[in-house]
file upload_1.cif (mmCIF, C-alpha atoms)
data_run
#
loop_
_atom_site.label_atom_id
_atom_site.label_comp_id
_atom_site.auth_asym_id
_atom_site.auth_seq_id
_atom_site.Cartn_x
_atom_site.Cartn_y
_atom_site.Cartn_z
CA MET A 15 27.02 3.72 15.18
CA ASN A 16 30.75 3.16 15.67
CA GLU A 17 30.28 -0.50 14.74
CA ILE A 18 28.59 0.15 11.40
CA PHE A 19 31.32 2.61 10.38
CA ARG A 20 33.76 -0.29 10.61
CA ILE A 21 31.90 -1.90 7.69
CA ARG A 22 33.63 -0.86 4.45
CA ASN A 23 30.46 -1.05 2.34
CA PHE A 24 28.62 1.25 4.71
CA ARG A 25 31.39 3.87 4.71
CA LYS A 26 31.29 4.06 0.92
CA LEU A 27 27.49 4.22 0.82
CA PHE A 28 27.55 6.97 3.46
CA LEU A 29 30.06 9.05 1.49
CA SER A 30 28.22 8.58 -1.81
CA ASN A 31 24.88 9.60 -0.35
CA LEU A 32 26.42 12.60 1.41
CA PHE A 33 27.64 14.11 -1.86
CA SER A 34 24.54 13.27 -3.92
CA GLY A 35 22.28 14.69 -1.19
CA PHE A 36 24.35 17.87 -1.00
CA GLY A 37 24.16 18.34 -4.76
CA GLN A 38 20.44 17.72 -5.00
CA GLY A 39 19.70 19.96 -2.01
CA MET A 40 21.57 22.92 -3.47
CA THR A 41 19.90 22.38 -6.84
CA MET A 42 16.37 22.33 -5.43
CA ILE A 43 16.92 25.36 -3.18
CA GLY A 44 18.56 27.38 -5.97
CA ILE A 45 15.98 26.62 -8.63
CA SER A 46 12.94 27.04 -6.34
CA TRP A 47 14.15 30.50 -5.32
CA TYR A 48 15.05 31.41 -8.92
CA LEU A 49 11.58 30.50 -10.23
CA VAL A 50 9.77 32.51 -7.55
CA GLU A 51 12.05 35.55 -7.78
CA SER A 52 12.23 35.65 -11.59
CA THR A 53 8.45 35.58 -12.01
CA GLY A 54 7.24 37.21 -8.80
CA SER A 55 4.51 34.58 -8.64
CA ALA A 56 3.84 31.12 -7.21
CA SER A 57 2.31 29.88 -10.46
CA LEU A 58 5.44 28.69 -12.29
CA LEU A 59 6.95 26.85 -9.30
CA GLY A 60 3.56 25.35 -8.43
CA SER A 61 2.94 24.24 -12.03
CA THR A 62 6.41 22.72 -12.21
CA MET A 63 5.86 20.74 -9.02
CA LEU A 64 2.45 19.69 -10.33
CA LEU A 65 4.00 18.42 -13.56
CA SER A 66 6.70 16.51 -11.68
CA SER A 67 4.01 14.83 -9.56
CA ILE A 68 2.08 13.75 -12.67
CA MET A 69 5.27 12.23 -14.11
CA THR A 70 5.95 10.44 -10.83
CA LEU A 71 2.40 9.08 -10.69
CA LEU A 72 2.64 7.67 -14.21
CA LEU A 73 6.12 6.20 -13.79
CA GLY A 74 5.98 5.19 -10.10
CA PRO A 75 4.61 1.65 -10.56
CA TYR A 76 7.24 0.97 -13.25
CA PHE A 77 9.99 2.27 -10.95
CA GLY A 78 9.00 -0.32 -8.35
CA THR A 79 9.33 -3.25 -10.72
CA LEU A 80 12.70 -1.97 -11.96
CA ILE A 81 14.00 -1.76 -8.38
CA ASP A 82 12.96 -5.36 -7.70
CA ARG A 83 14.21 -6.61 -11.07
CA PHE A 84 17.69 -5.11 -11.41
CA SER A 85 20.80 -4.51 -9.34
CA ARG A 86 20.06 -1.76 -6.81
CA LYS A 87 23.68 -0.59 -6.97
CA THR A 88 23.44 -0.13 -10.76
CA ILE A 89 20.21 1.85 -10.42
CA LEU A 90 21.78 4.20 -7.86
CA GLN A 91 24.82 4.75 -10.08
CA LEU A 92 22.69 5.45 -13.15
CA GLU A 93 20.77 8.01 -11.11
CA GLN A 94 24.02 9.73 -10.14
CA LEU A 95 25.33 9.69 -13.72
CA GLY A 96 22.01 11.17 -14.84
CA GLY A 97 22.33 14.02 -12.35
CA PHE A 98 25.90 14.68 -13.44
CA SER A 99 24.98 14.70 -17.15
CA VAL A 100 21.97 17.02 -16.83
CA LEU A 101 23.77 19.55 -14.65
CA ALA A 102 26.92 19.41 -16.77
CA LEU A 103 24.92 20.34 -19.89
CA VAL A 104 23.09 23.19 -18.14
CA THR A 105 26.34 24.45 -16.59
CA ALA A 106 28.08 24.40 -19.98
CA TRP A 107 25.21 26.45 -21.46
CA GLY A 108 25.76 29.08 -18.77
CA PHE A 109 29.21 29.88 -20.20
CA TRP A 110 27.70 30.98 -23.53
CA GLY A 111 24.21 32.20 -22.74
CA THR A 112 21.77 33.18 -20.02
CA TYR A 113 19.54 30.72 -18.21
CA GLN A 114 15.95 30.54 -19.37
CA GLU A 115 13.03 29.61 -17.15
CA TRP A 116 12.28 26.47 -19.19
CA MET A 117 15.82 25.22 -18.50
CA MET A 118 15.30 25.57 -14.77
CA VAL A 119 11.99 23.74 -15.05
CA LEU A 120 13.73 20.83 -16.82
CA VAL A 121 16.46 20.63 -14.16
CA PHE A 122 13.80 20.70 -11.42
CA LEU A 123 11.91 17.85 -13.11
CA ALA A 124 15.10 15.80 -13.54
CA SER A 125 16.00 16.31 -9.87
CA MET A 126 12.55 15.23 -8.71
CA PHE A 127 12.69 12.19 -11.00
CA MET A 128 15.98 11.09 -9.43
CA PHE A 129 14.70 11.75 -5.91
CA GLN A 130 11.63 9.56 -6.47
CA ILE A 131 13.69 6.55 -7.51
CA HIS A 132 16.53 7.09 -5.02
CA GLU A 133 14.83 6.45 -1.68
CA PRO A 134 13.08 3.11 -2.44
CA THR A 135 16.19 1.88 -4.24
CA GLN A 136 18.42 2.77 -1.31
CA SER A 137 16.02 1.15 1.17
CA ALA A 138 16.04 -2.09 -0.84
CA PHE A 139 19.84 -1.86 -1.14
CA ILE A 140 20.30 -1.46 2.64
CA GLN A 141 17.86 -4.27 3.43
CA GLU A 142 19.67 -6.54 0.96
CA THR A 143 23.22 -5.71 2.03
CA PHE A 144 23.19 -5.36 5.83
CA GLU A 145 21.93 -7.34 8.82
CA GLN A 146 18.43 -6.83 10.19
CA LYS A 147 19.72 -5.96 13.67
CA ASP A 148 21.50 -2.94 12.13
CA TYR A 149 18.52 -1.49 10.24
CA ASN A 150 17.54 1.01 12.93
CA VAL A 151 21.09 2.34 13.41
CA ILE A 152 21.81 2.43 9.67
CA ASN A 153 18.56 4.26 8.89
CA SER A 154 19.22 6.79 11.65
CA THR A 155 22.82 7.32 10.52
CA MET A 156 21.84 7.73 6.88
CA GLU A 157 19.19 10.24 7.89
CA ILE A 158 21.76 12.20 9.92
CA GLN A 159 23.95 12.17 6.84
CA ASN A 160 21.06 13.28 4.59
CA GLN A 161 20.23 16.20 6.82
CA THR A 162 23.88 17.15 7.26
CA ALA A 163 24.05 17.35 3.47
CA LEU A 164 20.97 19.61 3.49
CA VAL A 165 22.46 21.82 6.22
CA LEU A 166 25.52 22.29 4.02
CA ALA A 167 23.32 22.75 0.96
CA GLY A 168 21.20 25.43 2.65
CA ALA A 169 24.22 27.30 3.99
CA PHE A 170 26.15 27.19 0.72
CA ALA A 171 23.10 27.94 -1.44
CA GLY A 172 22.17 31.03 0.58
CA PHE A 173 25.74 32.36 0.37
CA LEU A 174 26.49 31.45 -3.25
CA LEU A 175 23.13 32.52 -4.69
CA GLY A 176 23.36 35.93 -3.05
CA LYS A 177 27.00 36.58 -3.95
CA TYR A 178 27.74 34.64 -7.14
CA GLY A 179 24.46 33.53 -8.66
CA LEU A 180 22.97 30.26 -9.82
CA HIS A 181 25.78 29.37 -12.23
CA ILE A 182 28.33 28.64 -9.47
CA VAL A 183 25.77 26.56 -7.56
CA LEU A 184 25.20 24.33 -10.60
CA ILE A 185 28.95 23.85 -11.18
CA LEU A 186 29.43 22.58 -7.62
CA ASN A 187 26.40 20.33 -7.88
CA THR A 188 27.74 18.73 -11.05
CA LEU A 189 30.93 17.75 -9.24
CA THR A 190 29.07 16.33 -6.23
CA TYR A 191 27.18 13.85 -8.42
CA LEU A 192 30.44 12.67 -9.98
CA ILE A 193 32.04 12.12 -6.57
CA ALA A 194 28.92 10.22 -5.42
CA PHE A 195 29.15 7.90 -8.42
CA LEU A 196 32.85 7.17 -7.85
CA SER A 197 32.28 6.46 -4.14
CA LEU A 198 29.56 3.90 -4.85
CA THR A 199 31.74 2.11 -7.41
CA GLY A 200 33.92 0.57 -4.68
CA ILE A 201 31.06 -1.19 -2.85
CA ASP A 202 31.10 -5.01 -2.86
CA TYR A 203 27.58 -6.01 -3.85
CA VAL A 204 25.70 -9.10 -5.01
CA PHE A 205 22.12 -8.83 -6.31
CA THR A 206 20.54 -11.49 -4.07
CA GLN A 207 17.14 -11.45 -5.83
CA GLU A 208 18.55 -12.57 -9.19
CA LYS A 209 17.09 -16.10 -8.98
CA GLN A 210 13.73 -14.70 -7.92
CA VAL A 211 13.77 -12.33 -10.91
CA GLU A 212 14.53 -15.18 -13.34
CA LYS A 213 11.24 -16.85 -12.35
CA TYR A 214 9.27 -13.76 -13.42
CA LEU A 215 11.13 -12.65 -16.55
CA ARG A 216 8.09 -13.27 -18.74
CA THR A 217 5.69 -11.65 -16.29
CA SER A 218 4.67 -8.13 -17.25
CA TRP A 219 5.71 -5.27 -14.99
CA LEU A 220 2.04 -4.49 -14.35
CA SER A 221 1.37 -8.04 -13.11
CA GLN A 222 4.42 -7.86 -10.86
CA PHE A 223 3.23 -4.54 -9.47
CA GLN A 224 -0.20 -6.05 -8.73
CA GLN A 225 1.50 -8.71 -6.61
CA SER A 226 2.50 -5.97 -4.17
CA TRP A 227 -1.16 -5.00 -3.75
CA VAL A 228 -2.06 -8.63 -2.91
CA TYR A 229 0.68 -8.66 -0.28
CA ILE A 230 -0.44 -5.33 1.22
CA LYS A 231 -4.05 -6.51 1.58
CA GLU A 232 -2.91 -9.55 3.56
CA LYS A 233 -1.21 -7.37 6.21
CA ARG A 234 -3.80 -6.07 8.66
CA GLY A 235 -3.67 -2.29 9.06
CA PHE A 236 -0.84 -1.92 6.53
CA ILE A 237 -2.75 0.15 3.97
CA VAL A 238 -3.96 2.65 6.61
CA PHE A 239 -0.51 2.90 8.18
CA GLY A 240 1.21 3.30 4.79
CA ILE A 241 -1.03 6.17 3.73
CA ALA A 242 -1.05 7.95 7.09
CA ALA A 243 2.73 7.62 7.48
CA LEU A 244 3.22 9.51 4.20
CA ILE A 245 1.57 12.70 5.46
CA PRO A 246 4.58 14.30 7.24
CA PHE A 247 6.71 13.76 4.12
CA LEU A 248 3.86 15.08 1.98
CA ALA A 249 3.62 18.16 4.22
CA VAL A 250 7.35 18.82 3.84
CA MET A 251 7.15 18.44 0.05
CA LEU A 252 4.35 20.99 -0.08
CA THR A 253 6.19 23.42 2.19
CA ASN A 254 8.86 23.41 -0.53
CA LEU A 255 6.23 25.33 -2.51
CA LEU A 256 4.89 27.37 0.41
CA ASN A 257 8.16 28.43 2.09
CA PRO A 258 9.74 30.60 -0.65
CA ILE A 259 6.36 32.28 -1.23
CA PHE A 260 5.75 32.81 2.51
CA VAL A 261 9.23 34.23 3.10
CA SER A 262 9.18 36.47 0.03
CA GLN A 263 5.58 37.72 0.08
CA VAL A 264 4.31 37.40 3.67
CA LEU A 265 7.46 37.96 5.72
CA GLY A 266 9.06 40.28 3.16
CA GLU A 267 12.48 38.71 3.79
CA ASP A 268 15.26 37.80 1.36
CA VAL A 269 16.89 34.49 0.40
CA ALA A 270 19.00 34.45 3.59
CA ILE A 271 15.94 33.75 5.78
CA TYR A 272 14.70 31.11 3.34
CA SER A 273 18.04 29.29 3.27
CA MET A 274 18.39 29.62 7.07
CA GLY A 275 15.03 27.89 7.38
CA GLU A 276 16.47 25.03 5.31
CA VAL A 277 19.51 24.92 7.60
CA THR A 278 17.52 24.82 10.85
CA TYR A 279 15.17 22.23 9.35
CA SER A 280 18.19 20.03 8.73
CA ILE A 281 19.63 20.68 12.19
CA GLY A 282 16.36 19.52 13.74
CA ALA A 283 16.40 16.48 11.48
CA VAL A 284 20.00 15.61 12.44
CA LEU A 285 19.14 15.82 16.15
CA ALA A 286 16.13 13.58 15.55
CA GLY A 287 18.37 11.00 13.90
CA PHE A 288 20.79 11.01 16.84
CA LEU A 289 18.09 10.79 19.51
CA LEU A 290 15.55 8.52 17.83
CA THR A 291 16.75 5.32 19.50
CA TRP A 292 16.65 6.96 22.94
CA PHE A 293 13.16 8.44 22.52
CA ARG A 294 11.84 5.26 20.95
CA GLY A 295 13.15 3.26 23.90
CA LYS A 296 11.75 5.67 26.51
CA ILE A 297 8.38 6.48 24.94
CA GLY A 298 7.78 3.66 22.48
CA ALA A 299 7.47 3.82 18.70
CA PHE A 300 3.68 4.13 18.73
CA PRO A 301 3.21 7.19 21.01
CA TYR A 302 6.42 8.84 19.76
CA MET A 303 5.27 8.69 16.14
CA VAL A 304 1.80 10.06 16.96
CA GLY A 305 3.31 12.82 19.12
CA ASN A 306 5.50 13.97 16.25
CA PHE A 307 2.49 14.21 13.93
CA ILE A 308 0.79 16.52 16.43
CA LEU A 309 3.95 18.57 17.05
CA MET A 310 4.40 19.14 13.31
CA ALA A 311 0.80 20.35 13.02
CA ILE A 312 1.39 22.80 15.89
CA ALA A 313 4.58 24.10 14.23
CA LEU A 314 2.68 24.83 10.99
CA VAL A 315 -0.07 26.68 12.84
CA MET A 316 2.44 28.75 14.85
CA THR A 317 4.24 29.72 11.63
CA VAL A 318 1.01 31.41 10.52
CA VAL A 319 0.05 32.82 13.93
CA ILE A 320 3.47 34.49 14.49
CA PRO A 321 4.65 35.69 11.03
CA MET A 322 8.25 36.61 11.86
CA GLY A 323 11.48 35.58 10.17
CA SER A 324 13.07 34.36 13.41
CA VAL A 325 9.98 32.29 14.28
CA PHE A 326 9.91 30.78 10.78
CA VAL A 327 13.57 29.75 11.12
CA LEU A 328 13.02 28.27 14.61
CA LEU A 329 9.87 26.33 13.70
CA SER A 330 11.61 24.89 10.64
CA ALA A 331 13.79 22.94 13.09
CA PHE A 332 10.66 21.34 14.58
CA MET A 333 9.48 20.44 11.06
CA GLY A 334 12.77 18.67 10.43
CA TRP A 335 12.66 16.85 13.77
CA CYS A 336 9.10 15.58 13.28
CA ASN A 337 9.48 14.54 9.66
CA VAL A 338 12.66 12.55 10.26
CA SER A 339 11.39 10.90 13.45
CA THR A 340 8.24 9.62 11.74
CA ARG A 341 10.08 8.64 8.55
CA LEU A 342 12.72 6.59 10.39
CA ILE A 343 10.13 4.66 12.37
CA ARG A 344 8.17 4.03 9.16
CA GLN A 345 11.27 2.96 7.26
CA THR A 346 12.46 0.51 9.93
CA ILE A 347 9.01 -1.05 10.17
CA TYR A 348 8.96 -1.53 6.38
CA MET A 349 12.37 -3.23 6.45
CA GLU A 350 11.27 -5.51 9.29
CA LEU A 351 7.91 -6.36 7.71
CA LEU A 352 8.56 -6.58 3.97
CA PRO A 353 10.34 -9.41 2.11
CA ASN A 354 13.16 -7.94 0.01
CA ARG A 355 11.60 -9.21 -3.22
CA PHE A 356 8.60 -6.89 -2.63
CA MET A 357 10.44 -3.86 -1.25
CA GLY A 358 10.66 -1.78 -4.43
CA ARG A 359 7.09 -2.44 -5.51
CA VAL A 360 5.45 -1.86 -2.12
CA LEU A 361 7.34 1.39 -1.53
CA SER A 362 6.47 2.54 -5.05
CA PHE A 363 2.82 1.62 -4.45
CA PHE A 364 2.61 3.93 -1.44
CA ARG A 365 4.61 6.59 -3.25
CA SER A 366 2.02 6.49 -6.04
CA ILE A 367 -0.74 7.05 -3.51
CA GLY A 368 1.27 9.88 -1.97
CA THR A 369 1.80 11.37 -5.41
CA CYS A 370 -1.97 11.37 -6.07
CA MET A 371 -2.50 13.24 -2.82
CA ARG A 372 0.31 15.65 -3.63
CA LEU A 373 -1.17 16.28 -7.09
CA LEU A 374 -4.51 17.24 -5.62
CA LEU A 375 -2.94 19.56 -3.05
CA LEU A 376 -0.51 21.10 -5.55
CA ALA A 377 -3.37 21.79 -7.94
CA LEU A 378 -5.36 23.36 -5.12
CA PHE A 379 -2.44 25.42 -3.83
CA THR A 380 -1.34 26.58 -7.28
CA LEU A 381 -4.83 27.87 -7.99
CA MET A 382 -5.39 29.58 -4.65
CA LEU A 383 -2.00 30.82 -3.36
CA ASP A 384 -1.81 33.97 -5.46
CA SER A 385 -5.16 35.08 -3.99
CA THR A 386 -5.05 33.62 -0.45
CA GLY A 387 -1.32 33.57 0.27
CA ALA A 388 0.79 30.75 1.70
CA SER A 389 -0.69 30.93 5.22
CA VAL A 390 -3.86 29.04 4.25
CA GLY A 391 -1.72 26.25 2.79
CA TYR A 392 0.06 25.74 6.15
CA LEU A 393 -3.29 25.42 7.93
CA VAL A 394 -4.54 22.83 5.42
CA LEU A 395 -1.42 20.74 6.02
CA ALA A 396 -1.86 21.00 9.80
CA GLY A 397 -5.37 19.58 9.49
CA LEU A 398 -4.09 16.68 7.38
CA LEU A 399 -1.45 15.85 10.00
CA VAL A 400 -4.01 15.60 12.79
CA THR A 401 -6.16 13.30 10.64
CA ALA A 402 -3.13 11.15 9.82
CA ALA A 403 -2.27 10.83 13.53
CA LEU A 404 -5.65 9.18 14.03
CA GLY A 405 -4.80 6.77 11.20
CA ILE A 406 -1.54 5.79 12.93
CA VAL A 407 -3.42 5.19 16.19
CA PHE A 408 -5.82 2.89 14.34
CA SER A 409 -3.24 0.82 12.47
CA MET A 410 0.08 0.68 14.28
CA ARG A 411 -0.88 -1.71 17.09
CA MET A 412 -1.80 -4.36 14.51
CA LEU A 413 1.46 -3.82 12.62
CA MET A 414 3.70 -4.08 15.67
CA GLN A 415 2.32 -7.56 16.33
CA GLN A 416 3.62 -8.65 12.91
CA VAL A 417 7.21 -7.37 13.21
CA ASP A 418 9.98 -10.03 13.33
CA THR A 419 7.75 -12.84 12.07
CA PRO A 420 9.70 -15.96 10.96
CA GLU A 421 8.49 -15.49 7.37
CA VAL A 422 10.04 -12.02 7.15
CA VAL A 423 13.30 -12.96 8.83
CA ALA A 424 13.75 -15.95 6.52
CA ASP A 425 13.24 -13.81 3.44
CA GLN A 426 15.88 -11.16 4.13
CA GLY A 427 18.39 -12.84 1.79
CA THR A 428 22.14 -13.26 2.03
CA VAL A 429 23.87 -10.83 4.39
CA LYS A 430 27.17 -9.36 3.30
CA HIS A 431 29.64 -6.99 4.87
#

call {"tool": "encode", "arguments": {"input": "upload_1.cif", "output": "C-alpha cells"}}
result
Amino acid sequence: MNEIFRIRNFRKLFLSNLFSGFGQGMTMIGISWYLVESTGSASLLGSTMLLSSIMTLLLGPYFGTLIDRFSRKTILQLEQLGGFSVLALVTAWGFWGTYQEWMMVLVFLASMFMFQIHEPTQSAFIQETFEQKDYNVINSTMEIQNQTALVLAGAFAGFLLGKYGLHIVLILNTLTYLIAFLSLTGIDYVFTQEKQVEKYLRTSWLSQFQQSWVYIKEKRGFIVFGIAALIPFLAVMLTNLLNPIFVSQVLGEDVAIYSMGEVTYSIGAVLAGFLLTWFRGKIGAFPYMVGNFILMAIALVMTVVIPMGSVFVLLSAFMGWCNVSTRLIRQTIYMELLPNRFMGRVLSFFRSIGTCMRLLLLALFTLMLDSTGASVGYLVLAGLLVTAALGIVFSMRMLMQQVDTPEVVADQGTVKH
C-alpha cells in the first residue's frame, strides 16, 4: 500500500474518489431519509428506486459501449461535473423556496445514474493505467477509501440533517463534486484502446455489446459466477430501501440510529479492505468468498430475530465486511480475466442482469412492505445469499484455472505511472 501511494496518478485518483464518494453518500442518506419521513410510507422511496432501476436497465448496455469507446478519465470527469451541476441547481433553489418531493426524486435518480456508470468506468481506468500485480492492493485501497468516505458521510449526514436540515447537506455535497473534478484533472492519462475503437467506429453500439456476450459464453462458469457474485451488492442496494423503514417503523428509532448503521457498515467495510489480502492468503479466495455469503445471510436473519437498535448497528458492520470482501475478490478476478477492450461492456452486461433482479425485488418489496414490514424483506435477501453461495461453489473452481492466462496478460495494454 505504501508503494502505490508513491505513484502520483494513484494519489490523485484516490483523492478524487474520496470526495465524490463522500458527496454521493451524504446525498443518498439525506434524500432516502427525507422521502421516508416526509411521506411516512415506503411507497415513494421504493417507487423511486424502482424507476432508477428501469432507467439503468435501459441505459446499461449503452453505458458499457461508451466506457469502451471513450476516454475513461473524461467519462469520470463528466460524471463529477454532472453531480456538481445538479446539486448546485437544487441548492440554489433552496435559497428561494422549499424543497418539493419531486425535486428529491430527481436528485436521487441523478445520483443513481452517476453511480451506475462510475464503478465500471473506474475499474476499466485502473486496469488500463496500473500494473496487473497492483490490482489487488489498488482495489483494496480504493475500497477502504470508498468506505471511509461513507463513514464520514454517515456521521456528517446524521449530525447535519438533525441539526441544520437537508439544505446544508446539499451545499457540502456540491463542493465535494467540484473538488473531485479538480483532483482528477491532474492525472496523466492516455486512452490505450483508441486504435481498437477506430476499428469499430462504424459498428453499432448494440453489435459491440453483443460481442461481450460471445466472450462471456466462451469462459466456462463465468455467467454463473457473474450472476451469483452480484447478490451481496444487490442485497446491500435493497437494504437501502429496507433500513430506513426498519429503523423508523419497526425499531421506532430516529435518524441517529439509521446514520450510525451507515457508519458501522463502512467501518466493517474498511476493515475488510485492510484484511482481505491476509484472509485470502490464509483461507483462499474460494472458501473466503463463500463464507462471506453465508455470514451476510446470518447477519440479515439476526437483524430480524433481535430487533434492537444496538443490534442493527452492530450487524451493519458485518454487512459491510461481507459485501466488500466478496466485491474485491470479484473485481480482482474480472481485472485478471477480462481484456481491457471488453471491460466496460462485460461489467455493464452483468449490471444489466443485476438491475433486472433488483427491479423484480424492488417491485415486490414496494408492493408488500407497507403490509408486511421490512423484516420479511431481510429474510428474502438471506435466502438469495445462500442460493448464490451455491452458485459460487459451482463456478469459481473453473474460473481460477483461467486466471493469468497469456491471452489476458498480453491484452492489458500499455502500463503507465

call {"tool": "closest_residue", "arguments": {"input": "upload_1.cif", "among": "A:Tyr191, A:Phe260, A:Tyr392, A:Phe24", "to": "Ala311 of chain A", "atoms": "only C-alpha atoms"}}
result
A:Tyr392

call {"tool": "atom_distance", "arguments": {"input": "upload_1.cif", "atom1": "atom CA of Phe36 of chain A", "atom2": "atom CA of Ser273 of chain A"}}
result
13.7 Å

call {"tool": "resolve_selection", "arguments": {"input": "upload_1.cif", "expression": "the PyMOL selection byres ((chain A and resi 43) around 10)", "output": "list of chain:residue names"}}
result
A:Gln38, A:Gly39, A:Met40, A:Thr41, A:Met42, A:Gly44, A:Ile45, A:Ser46, A:Trp47, A:Tyr48, A:Phe122, A:Leu164, A:Ala167, A:Gly168, A:Ala171, A:Gly172, A:Leu175, A:Val183, A:Asn254, A:Pro258, A:Val269, A:Tyr272, A:Ser273, A:Glu276

call {"tool": "residues_near_point", "arguments": {"input": "upload_1.cif", "point": "(9.1, 14.1, 23.2)", "cutoff": "12 Å", "atoms": "all atoms listed in the file", "output": "NGL selection string"}}
result
:A and (286 or 289-290 or 292-299 or 301-309 or 332 or 335-336 or 339)

call {"tool": "atom_distance", "arguments": {"input": "upload_1.cif", "atom1": "atom CA of Leu255 of chain A", "atom2": "atom CA of Ser324 of chain A"}}
result
19.5 Å

call {"tool": "resolve_selection", "arguments": {"input": "upload_1.cif", "expression": "the PyMOL selection byres ((chain A and resi 28) around 12)", "output": "PyMOL selection string"}}
result
chain A and resi 18-27+29-35+136+140+152-160+162-163+194+197-198+201

call {"tool": "atom_distance", "arguments": {"input": "upload_1.cif", "atom1": "atom CA of Val250 of chain A", "atom2": "atom CA of Leu352 of chain A"}}
result
25.4 Å

call {"tool": "residues_around", "arguments": {"input": "upload_1.cif", "residues": "Leu101 of chain A", "least_positions_apart": "2", "cutoff": "8 Å", "atoms": "all atoms listed in the file", "output": "list in words"}}
result
Gly97, Phe98, Ser99, Leu103, Val104, Thr105, Val121, Leu184, Ile185, Asn187 and Thr188 of chain A

call {"tool": "decode", "arguments": {"input": "upload_1.cif", "residues": "segment 302-339 of chain A", "atoms": "C-alpha atoms", "output": "PDB file, in the first residue's frame"}}
result
ATOM      1  CA  TYR A 302     -13.411 -16.968   1.908  1.00  0.00           C
ATOM      2  CA  MET A 303     -15.899 -15.670  -0.661  1.00  0.00           C
ATOM      3  CA  VAL A 304     -18.433 -18.427   0.075  1.00  0.00           C
ATOM      4  CA  GLY A 305     -18.034 -17.900   3.829  1.00  0.00           C
ATOM      5  CA  ASN A 306     -18.846 -14.218   3.474  1.00  0.00           C
ATOM      6  CA  PHE A 307     -22.043 -15.006   1.556  1.00  0.00           C
ATOM      7  CA  ILE A 308     -23.186 -17.213   4.437  1.00  0.00           C
ATOM      8  CA  LEU A 309     -22.131 -14.691   7.099  1.00  0.00           C
ATOM      9  CA  MET A 310     -24.111 -11.935   5.378  1.00  0.00           C
ATOM     10  CA  ALA A 311     -27.208 -14.163   5.292  1.00  0.00           C
ATOM     11  CA  ILE A 312     -26.825 -14.833   9.032  1.00  0.00           C
ATOM     12  CA  ALA A 313     -26.489 -11.089   9.754  1.00  0.00           C
ATOM     13  CA  LEU A 314     -29.757 -10.364   7.905  1.00  0.00           C
ATOM     14  CA  VAL A 315     -31.608 -13.092   9.798  1.00  0.00           C
ATOM     15  CA  MET A 316     -30.264 -11.891  13.171  1.00  0.00           C
ATOM     16  CA  THR A 317     -31.382  -8.334  12.371  1.00  0.00           C
ATOM     17  CA  VAL A 318     -34.956  -9.656  12.242  1.00  0.00           C
ATOM     18  CA  VAL A 319     -34.639 -12.088  15.163  1.00  0.00           C
ATOM     19  CA  ILE A 320     -33.239  -9.432  17.561  1.00  0.00           C
ATOM     20  CA  PRO A 321     -34.998  -6.138  16.649  1.00  0.00           C
ATOM     21  CA  MET A 322     -32.896  -3.701  18.683  1.00  0.00           C
ATOM     22  CA  GLY A 323     -31.154  -0.503  17.626  1.00  0.00           C
ATOM     23  CA  SER A 324     -27.783  -1.590  19.030  1.00  0.00           C
ATOM     24  CA  VAL A 325     -28.005  -4.972  17.267  1.00  0.00           C
ATOM     25  CA  PHE A 326     -28.948  -3.283  13.981  1.00  0.00           C
ATOM     26  CA  VAL A 327     -25.903  -1.002  14.252  1.00  0.00           C
ATOM     27  CA  LEU A 328     -23.568  -3.912  15.110  1.00  0.00           C
ATOM     28  CA  LEU A 329     -24.829  -6.225  12.346  1.00  0.00           C
ATOM     29  CA  SER A 330     -24.464  -3.419   9.805  1.00  0.00           C
ATOM     30  CA  ALA A 331     -20.700  -3.772  10.308  1.00  0.00           C
ATOM     31  CA  PHE A 332     -20.910  -7.440   9.262  1.00  0.00           C
ATOM     32  CA  MET A 333     -22.912  -6.422   6.180  1.00  0.00           C
ATOM     33  CA  GLY A 334     -20.148  -4.009   5.210  1.00  0.00           C
ATOM     34  CA  TRP A 335     -17.413  -6.592   5.817  1.00  0.00           C
ATOM     35  CA  CYS A 336     -19.108  -9.288   3.738  1.00  0.00           C
ATOM     36  CA  ASN A 337     -20.110  -7.071   0.835  1.00  0.00           C
ATOM     37  CA  VAL A 338     -16.660  -5.554   0.417  1.00  0.00           C
ATOM     38  CA  SER A 339     -14.820  -8.869   0.801  1.00  0.00           C
TER      39      SER A 339
END
